[in-house]
Amino acid sequence: MGLKNFFLKKSLWVFHFAGASCNNCDIEILDILTPRYDVERFGVQLVGSPRHADVILVSGSINQRDKPRLLEVYNQTSKPVFVVAFGACGCTGGVFAEGNTFAGPVDQIVPVDAYIPGCPPKPEAMISGLSKLMQTIS
Amino acid sequence: MANQKIIPVGPYHPLQEEPELFKLYCEGETVRDIKWETGYNHRGIEKLSESKTFEQVFFLVERICGICSTSHPFAFANCMEEIAQVEPPDRAKYIRSIVGELERLHSHYLWLGLAGHFLGYNTVWMWAWKYREPILDLFEIISGNRNSYAMFKIGGVRRDVTGDQIALARKTMSDLKKKNDLLTGAVMDDPVIHARTKGVGVLTREDVMDYAAVGPTARASGWDIDVRRDDPYAAYDMVEWKVITAPEGDVFAKAQVRLLENYESIKIIEQCLDGLEKEPEGDTEVKVREIPEGIGTGRAEAPRGEVFHFVKTDGSNSPVRHKIRAPSYVNIATFRKSCVGQTISDATISLAAVDPCYCCTERMAFAYDWHTGRKIYDGNQLVELSKQKTQQIIKNNA
């Protein structure tokens with residue numbers, strides 16, 4: 001394990017990209033920062049700019065209007081960056097996959113490293129997903 | 001104005017978790033005008049609804065908004081029951097009201113926490129969200145999920161609330177009352193919160209009436225409206241409670257209305273639990289064989305205000321037209337009154353004060369190119385996209 005990966009593993013900084021979501025995943029993401037789950041103890045922190053991020057957490061289905069913006073956010077991040085598709089909508093499009101504005105699940109737009117399914121995923125599922133992601137860094 | 005600067009906020013910004021773009025037109029520190037753009041969240045739910053059966057539509061409308069994920073099924077159930085001319089049994093009515101009020105509790109705590117966060121008062125955020133967790137646990141035990149409950153169906157509810165669950169709900173409510181006392185005291189007596197919220201983002205009674213604002217936004221400006229009392233549905237006319245209003249119209253009044261509404265919600269839930277114990281167990285639904293041709297409207301009071309659903313049916317098993325009006329759609333328009341004249345730092349909390357929910361609000365928006373001013377998609381192109389979609393489905397099915 002190089003020095004860079006050693007530190008990356010201990011401090012995953014997350015940029016949250018909310019696509020065309022129902023807000024459910026978004027509040028669960030905020031929820032894991034609050035006292036009961038408190039992922040900051042693992043070094044996971046939400047950041048406001050994609051330029052600071054190690055992980056892009058994409059929640060919600062992606063519509064025509066979000067698609068170029070997701071690409072732009074992905075291009076703005078410093079590489080390597082991990083993309084996590086969060087929730088049923090992020091993984092497959094979920095209940096909105098038949099909608100007329102749907103522009104494909106996240107993995108057809110940017111490469112995805114981890115999928116966290118569920119509608120919405122429980123905070124425990126998200127912590128499990130992030131810890132599995134950390135284990136892939138070596 | 002020549003010396004106006006535009007400050008763009010969004011669409012992906014750390015302030016709010018949903019994508020939306022605000023343009024603050026500022027002179028120095030003062031906001032002179034505000035414009036906002038939505039459409040980042042548009043999923044075409046009204047159209048999708050026409051391709052689903054009535055039972056499936058409940059799961060779809062639940063996912064309009066994850067925070068008020070009972071209000072939309074509530075309004076849709078009221079609407080369908082008007083068309084089918086059925087009345088759910090009393091036990092189902094009590095369960096519906098319990099779920100609706102638990103949702104109001106968790107939503108108001110969520111708002112309070114976020115408002116504290118926007119003021120830079122992260123202690124309030126952490127407290128409010130910590131006290132919100134037992135409500136979500138209760139939801140998980142009653143319905144099996146923390147956020148999307150899937151409790152509603154035409155003519156009743158899917159799951160009964162019985163024995164142990166009732167006892168747990170009673171315990172959660174009595175614990176919550178103490179925590180609400182603590183939180184109300186902490187917020188109402190804090191000099192910093194007073195300084196940041198009193199006289200900020202004021203909406204007068206005339207303003208909210210002009211913009212037809214609903215819910216706590218209207219009630220905090222002294223407009224006494226509440227669908228639960230004005231057009232009773234479920235068990236709200238079988239229990240004792242009162243509508244909370246405040247005359248000031250500033251951010252503090254909105255916080256006050258929400259905190260005091262929490263006590264009313266707890267009161268309603270406790271009375272509904274009493275009611276549940278009197279009703280026979282298992283009597284949770286009326287069987288509905290078919291939905292006749294007709295039109296119906298349904299209203300429900302979401303945590304943010306009135307949700308309105310309109311459905312036209314033709315005797316088949318899916319809606320012909322499904323129209324939804326969510327509360328944030330009208331509340332967001334009041335930004336033009338509440339934010340203009342404020343400083344940029346106060347605009348943030350004024351924007352958050354109405355508890356905006358953009359995923360409810362999304363409407364079709366024309367897409368313009370920022371630099372050239374050219375429309376990227378107009379109505380016809382969207383019809384074209386829709387046609388392509390149909391072709392694609394035909395091809396896939398062939």
# chains A, B, ... in the order shown; residues from 1 in each chain; ligands from 1

call {"tool": "residues_around", "arguments": {"residues": "A:Asp31", "least_positions_apart": "2", "cutoff": "12 Å", "atoms": "only C-alpha atoms", "output": "number ranges by chain"}}
result
A: 24-29, 33-40, 46, 120-124, 126-127; B: 17, 110, 113-114, 125-133, 136, 146-147

call {"tool": "residues_around", "arguments": {"residues": "A:Gly87", "least_positions_apart": "3", "cutoff": "9 Å", "atoms": "only C-alpha atoms", "output": "MDAnalysis selection string"}}
result
chainID A and resid 25 58:60 90:92 94 115:121

call {"tool": "closest_atom_pairs", "arguments": {"of": "chain B", "to": "chain A", "cutoff": "7 Å", "atoms": "only C-alpha atoms", "output": "JSON lines"}}
result
{"residue": "B:Tyr12", "atom": "CA", "partner": "A:Phe17", "partner_atom": "CA", "distance": 6.7}
{"residue": "B:His13", "atom": "CA", "partner": "A:Gly48", "partner_atom": "CA", "distance": 6.2}
{"residue": "B:Pro14", "atom": "CA", "partner": "A:Gly48", "partner_atom": "CA", "distance": 4.8}
{"residue": "B:Glu17", "atom": "CA", "partner": "A:Asp26", "partner_atom": "CA", "distance": 6.2}
{"residue": "B:Glu18", "atom": "CA", "partner": "A:Ala18", "partner_atom": "CA", "distance": 5.9}
{"residue": "B:Pro19", "atom": "CA", "partner": "A:Ala18", "partner_atom": "CA", "distance": 6.3}
{"residue": "B:Tyr40", "atom": "CA", "partner": "A:Arg65", "partner_atom": "CA", "distance": 5.8}
{"residue": "B:Asn41", "atom": "CA", "partner": "A:Ala20", "partner_atom": "CA", "distance": 3.8}
{"residue": "B:His42", "atom": "CA", "partner": "A:Ala20", "partner_atom": "CA", "distance": 6.1}
{"residue": "B:Arg43", "atom": "CA", "partner": "A:Thr101", "partner_atom": "CA", "distance": 6.0}
{"residue": "B:Gly44", "atom": "CA", "partner": "A:Gly99", "partner_atom": "CA", "distance": 5.7}
{"residue": "B:Leu48", "atom": "CA", "partner": "A:Gly99", "partner_atom": "CA", "distance": 5.9}
{"residue": "B:Leu60", "atom": "CA", "partner": "A:Val95", "partner_atom": "CA", "distance": 6.8}
{"residue": "B:Arg63", "atom": "CA", "partner": "A:Cys22", "partner_atom": "CA", "distance": 5.6}
{"residue": "B:Ile64", "atom": "CA", "partner": "A:Cys22", "partner_atom": "CA", "distance": 5.6}
{"residue": "B:Cys65", "atom": "CA", "partner": "A:Cys22", "partner_atom": "CA", "distance": 4.7}
{"residue": "B:Gly66", "atom": "CA", "partner": "A:Asn24", "partner_atom": "CA", "distance": 4.1}
{"residue": "B:Ile67", "atom": "CA", "partner": "A:Asn24", "partner_atom": "CA", "distance": 6.4}
{"residue": "B:Met126", "atom": "CA", "partner": "A:Thr34", "partner_atom": "CA", "distance": 5.6}
{"residue": "B:Trp129", "atom": "CA", "partner": "A:Thr34", "partner_atom": "CA", "distance": 6.5}
{"residue": "B:Lys130", "atom": "CA", "partner": "A:Pro35", "partner_atom": "CA", "distance": 6.0}
{"residue": "B:Asn147", "atom": "CA", "partner": "A:Asn24", "partner_atom": "CA", "distance": 6.9}
{"residue": "B:Cys359", "atom": "CA", "partner": "A:Cys22", "partner_atom": "CA", "distance": 5.8}
{"residue": "B:Ser386", "atom": "CA", "partner": "A:Asn100", "partner_atom": "CA", "distance": 5.9}

call {"tool": "select_by_dssp", "arguments": {"residues": "stretch 1-134 of chain A", "states": "strand (DSSP E)", "output": "JSON, numbers by chain"}}
result
{"A": [13, 14, 15, 16, 17, 18, 45, 46, 47, 55, 56, 57, 58, 59, 82, 83, 84, 85, 86, 114, 115, 116]}

call {"tool": "write_last_selection", "arguments": {"atoms": "C-alpha atoms", "output": "PDB file, in the first residue's frame"}}
result
ATOM      1  CA  TRP A  13     -14.302  12.718   1.081  1.00  0.00           C
ATOM      2  CA  VAL A  14     -17.674  12.444  -0.549  1.00  0.00           C
ATOM      3  CA  PHE A  15     -19.372  14.768  -3.005  1.00  0.00           C
ATOM      4  CA  HIS A  16     -23.089  14.146  -3.125  1.00  0.00           C
ATOM      5  CA  PHE A  17     -24.634  14.494  -6.571  1.00  0.00           C
ATOM      6  CA  ALA A  18     -28.431  14.436  -6.304  1.00  0.00           C
ATOM      7  CA  GLN A  45     -17.069  13.644   5.139  1.00  0.00           C
ATOM      8  CA  LEU A  46     -19.413  15.458   2.767  1.00  0.00           C
ATOM      9  CA  VAL A  47     -17.665  18.175   0.784  1.00  0.00           C
ATOM     10  CA  VAL A  55     -16.022   9.704  -4.009  1.00  0.00           C
ATOM     11  CA  ILE A  56     -19.003  10.907  -6.024  1.00  0.00           C
ATOM     12  CA  LEU A  57     -22.180   9.563  -4.488  1.00  0.00           C
ATOM     13  CA  VAL A  58     -24.904   9.671  -7.140  1.00  0.00           C
ATOM     14  CA  SER A  59     -28.450   9.320  -5.861  1.00  0.00           C
ATOM     15  CA  PHE A  82     -14.785   6.420  -7.024  1.00  0.00           C
ATOM     16  CA  VAL A  83     -18.362   6.655  -8.229  1.00  0.00           C
ATOM     17  CA  VAL A  84     -21.040   5.085  -6.050  1.00  0.00           C
ATOM     18  CA  ALA A  85     -24.541   4.583  -7.453  1.00  0.00           C
ATOM     19  CA  PHE A  86     -26.834   5.024  -4.489  1.00  0.00           C
ATOM     20  CA  ALA A 114     -19.949   0.415  -6.171  1.00  0.00           C
ATOM     21  CA  TYR A 115     -23.688  -0.057  -6.144  1.00  0.00           C
ATOM     22  CA  ILE A 116     -25.781   0.375  -3.002  1.00  0.00           C
TER      23      ILE A 116
END

call {"tool": "atom_distance", "arguments": {"atom1": "atom CA of B:Leu183", "atom2": "atom CA of B:Arg258"}}
result
11.8 Å

call {"tool": "atom_distance", "arguments": {"atom1": "atom CA of A:Leu12", "atom2": "atom CA of A:Val110"}}
result
19.3 Å

call {"tool": "closest_residue", "arguments": {"among": "B:Val320, B:Ile135, B:Ile394, B:Cys357", "to": "B:Asp175", "atoms": "only C-alpha atoms"}}
result
B:Ile135

call {"tool": "closest_residue", "arguments": {"among": "A:Glu72, A:Leu130, A:Lys4, A:Cys89", "to": "A:Ala103", "atoms": "only C-alpha atoms"}}
result
A:Cys89

call {"tool": "residues_around", "arguments": {"residues": "B:Phe76", "least_positions_apart": "2", "cutoff": "10 Å", "atoms": "only C-alpha atoms", "output": "ChimeraX atom specification"}}
result
/B:54,57-58,61-62,70-74,78-82,152-154,296-300,307-311,322,324

call {"tool": "residues_around", "arguments": {"residues": "B:Ala347", "least_positions_apart": "3", "cutoff": "10 Å", "atoms": "only C-alpha atoms", "output": "PyMOL selection string"}}
result
chain B and resi 24+30-31+34+200-201+335+338-344+350-353

call {"tool": "select_by_dssp", "arguments": {"residues": "chain A", "states": "helix (DSSP H, G or I)", "output": "PDB file with C-alpha atoms, in the first residue's frame"}}
result
ATOM      1  CA  LEU A   3       1.404   6.352   1.153  1.00  0.00           C
ATOM      2  CA  LYS A   4      -1.324   7.955  -0.957  1.00  0.00           C
ATOM      3  CA  ASN A   5      -3.672   4.984  -0.646  1.00  0.00           C
ATOM      4  CA  PHE A   6      -2.940   4.699   3.058  1.00  0.00           C
ATOM      5  CA  PHE A   7      -4.273   8.196   3.625  1.00  0.00           C
ATOM      6  CA  LEU A   8      -7.068   7.859   1.062  1.00  0.00           C
ATOM      7  CA  LYS A   9      -8.427   4.862   2.919  1.00  0.00           C
ATOM      8  CA  LYS A  10      -8.674   6.839   6.142  1.00  0.00           C
ATOM      9  CA  ASN A  24     -35.346   9.927   0.125  1.00  0.00           C
ATOM     10  CA  CYS A  25     -31.781   8.790  -0.490  1.00  0.00           C
ATOM     11  CA  ASP A  26     -30.580  12.351   0.034  1.00  0.00           C
ATOM     12  CA  ILE A  27     -31.959  12.577   3.552  1.00  0.00           C
ATOM     13  CA  GLU A  28     -30.582   9.133   4.363  1.00  0.00           C
ATOM     14  CA  ILE A  29     -27.158  10.346   3.245  1.00  0.00           C
ATOM     15  CA  LEU A  30     -27.458  13.316   5.614  1.00  0.00           C
ATOM     16  CA  ASP A  31     -28.776  10.943   8.247  1.00  0.00           C
ATOM     17  CA  VAL A  39     -19.668   8.110   9.626  1.00  0.00           C
ATOM     18  CA  GLU A  40     -17.230  10.935  10.260  1.00  0.00           C
ATOM     19  CA  ARG A  41     -15.560   8.527  12.702  1.00  0.00           C
ATOM     20  CA  PHE A  42     -14.433   6.572   9.602  1.00  0.00           C
ATOM     21  CA  PRO A  50     -16.268  18.012  -6.624  1.00  0.00           C
ATOM     22  CA  ARG A  51     -12.642  19.199  -6.775  1.00  0.00           C
ATOM     23  CA  HIS A  52     -12.130  18.098  -3.166  1.00  0.00           C
ATOM     24  CA  LYS A  67     -26.719  13.973 -17.686  1.00  0.00           C
ATOM     25  CA  PRO A  68     -24.296  16.661 -19.019  1.00  0.00           C
ATOM     26  CA  ARG A  69     -23.922  18.027 -15.500  1.00  0.00           C
ATOM     27  CA  LEU A  70     -23.014  14.631 -14.064  1.00  0.00           C
ATOM     28  CA  LEU A  71     -20.358  14.278 -16.760  1.00  0.00           C
ATOM     29  CA  GLU A  72     -19.052  17.743 -15.958  1.00  0.00           C
ATOM     30  CA  VAL A  73     -18.889  17.010 -12.244  1.00  0.00           C
ATOM     31  CA  TYR A  74     -17.071  13.742 -13.012  1.00  0.00           C
ATOM     32  CA  ASN A  75     -14.556  15.565 -15.198  1.00  0.00           C
ATOM     33  CA  GLN A  76     -13.961  18.198 -12.528  1.00  0.00           C
ATOM     34  CA  GLY A  87     -30.343   3.598  -4.284  1.00  0.00           C
ATOM     35  CA  ALA A  88     -32.516   1.753  -6.756  1.00  0.00           C
ATOM     36  CA  CYS A  89     -32.742   4.802  -9.030  1.00  0.00           C
ATOM     37  CA  GLY A  90     -28.990   5.256  -9.164  1.00  0.00           C
ATOM     38  CA  CYS A  91     -28.394   1.566  -9.882  1.00  0.00           C
ATOM     39  CA  GLY A  94     -35.893   2.217 -10.427  1.00  0.00           C
ATOM     40  CA  VAL A  95     -39.507   3.247 -10.686  1.00  0.00           C
ATOM     41  CA  PHE A  96     -38.585   6.159 -12.969  1.00  0.00           C
ATOM     42  CA  VAL A 106     -25.507   6.086 -13.773  1.00  0.00           C
ATOM     43  CA  ASP A 107     -23.254   3.293 -15.075  1.00  0.00           C
ATOM     44  CA  GLN A 108     -24.114   4.162 -18.679  1.00  0.00           C
ATOM     45  CA  PRO A 123     -27.923   3.829   6.631  1.00  0.00           C
ATOM     46  CA  GLU A 124     -26.366   0.484   7.609  1.00  0.00           C
ATOM     47  CA  ALA A 125     -26.320  -0.508   3.924  1.00  0.00           C
ATOM     48  CA  MET A 126     -24.523   2.667   3.056  1.00  0.00           C
ATOM     49  CA  ILE A 127     -21.917   2.213   5.783  1.00  0.00           C
ATOM     50  CA  SER A 128     -21.432  -1.374   4.568  1.00  0.00           C
ATOM     51  CA  GLY A 129     -21.045  -0.163   0.965  1.00  0.00           C
ATOM     52  CA  LEU A 130     -18.522   2.481   1.893  1.00  0.00           C
ATOM     53  CA  SER A 131     -16.508   0.056   4.021  1.00  0.00           C
ATOM     54  CA  LYS A 132     -16.405  -2.418   1.131  1.00  0.00           C
ATOM     55  CA  LEU A 133     -15.214   0.415  -1.076  1.00  0.00           C
ATOM     56  CA  MET A 134     -12.470   1.186   1.422  1.00  0.00           C
ATOM     57  CA  GLN A 135     -11.367  -2.457   1.361  1.00  0.00           C
ATOM     58  CA  THR A 136     -10.795  -2.254  -2.408  1.00  0.00           C
TER      59      THR A 136
END

call {"tool": "atom_distance", "arguments": {"atom1": "atom CA of B:Tyr121", "atom2": "atom CA of B:Val243"}}
result
28.6 Å

call {"tool": "closest_atom_pairs", "arguments": {"of": "stretch 76-167 of chain B", "to": "stretch 209-222 of chain B", "cutoff": "12 Å", "atoms": "only C-alpha atoms", "output": "CSV"}}
result
residue,atom,partner,partner_atom,distance
B:Arg104,CA,B:Pro216,CA,11.3
B:His108,CA,B:Pro216,CA,10.1
B:Trp111,CA,B:Pro216,CA,11.6

call {"tool": "write_last_selection", "arguments": {"atoms": "C-alpha atoms", "output": "short mmCIF file (atom, residue, chain, number, x, y, z; two decimals), in the first residue's frame"}}
result
data_model
loop_
_atom_site.label_atom_id
_atom_site.label_comp_id
_atom_site.auth_asym_id
_atom_site.auth_seq_id
_atom_site.Cartn_x
_atom_site.Cartn_y
_atom_site.Cartn_z
CA ARG B 104 -45.33 15.29 10.01
CA HIS B 108 -40.70 18.97 11.12
CA TRP B 111 -36.66 20.92 8.83
#

call {"tool": "closest_residue", "arguments": {"among": "B:Thr53, B:Asn180, B:Thr245, B:Thr162", "to": "B:Leu276", "atoms": "only C-alpha atoms"}}
result
B:Thr162
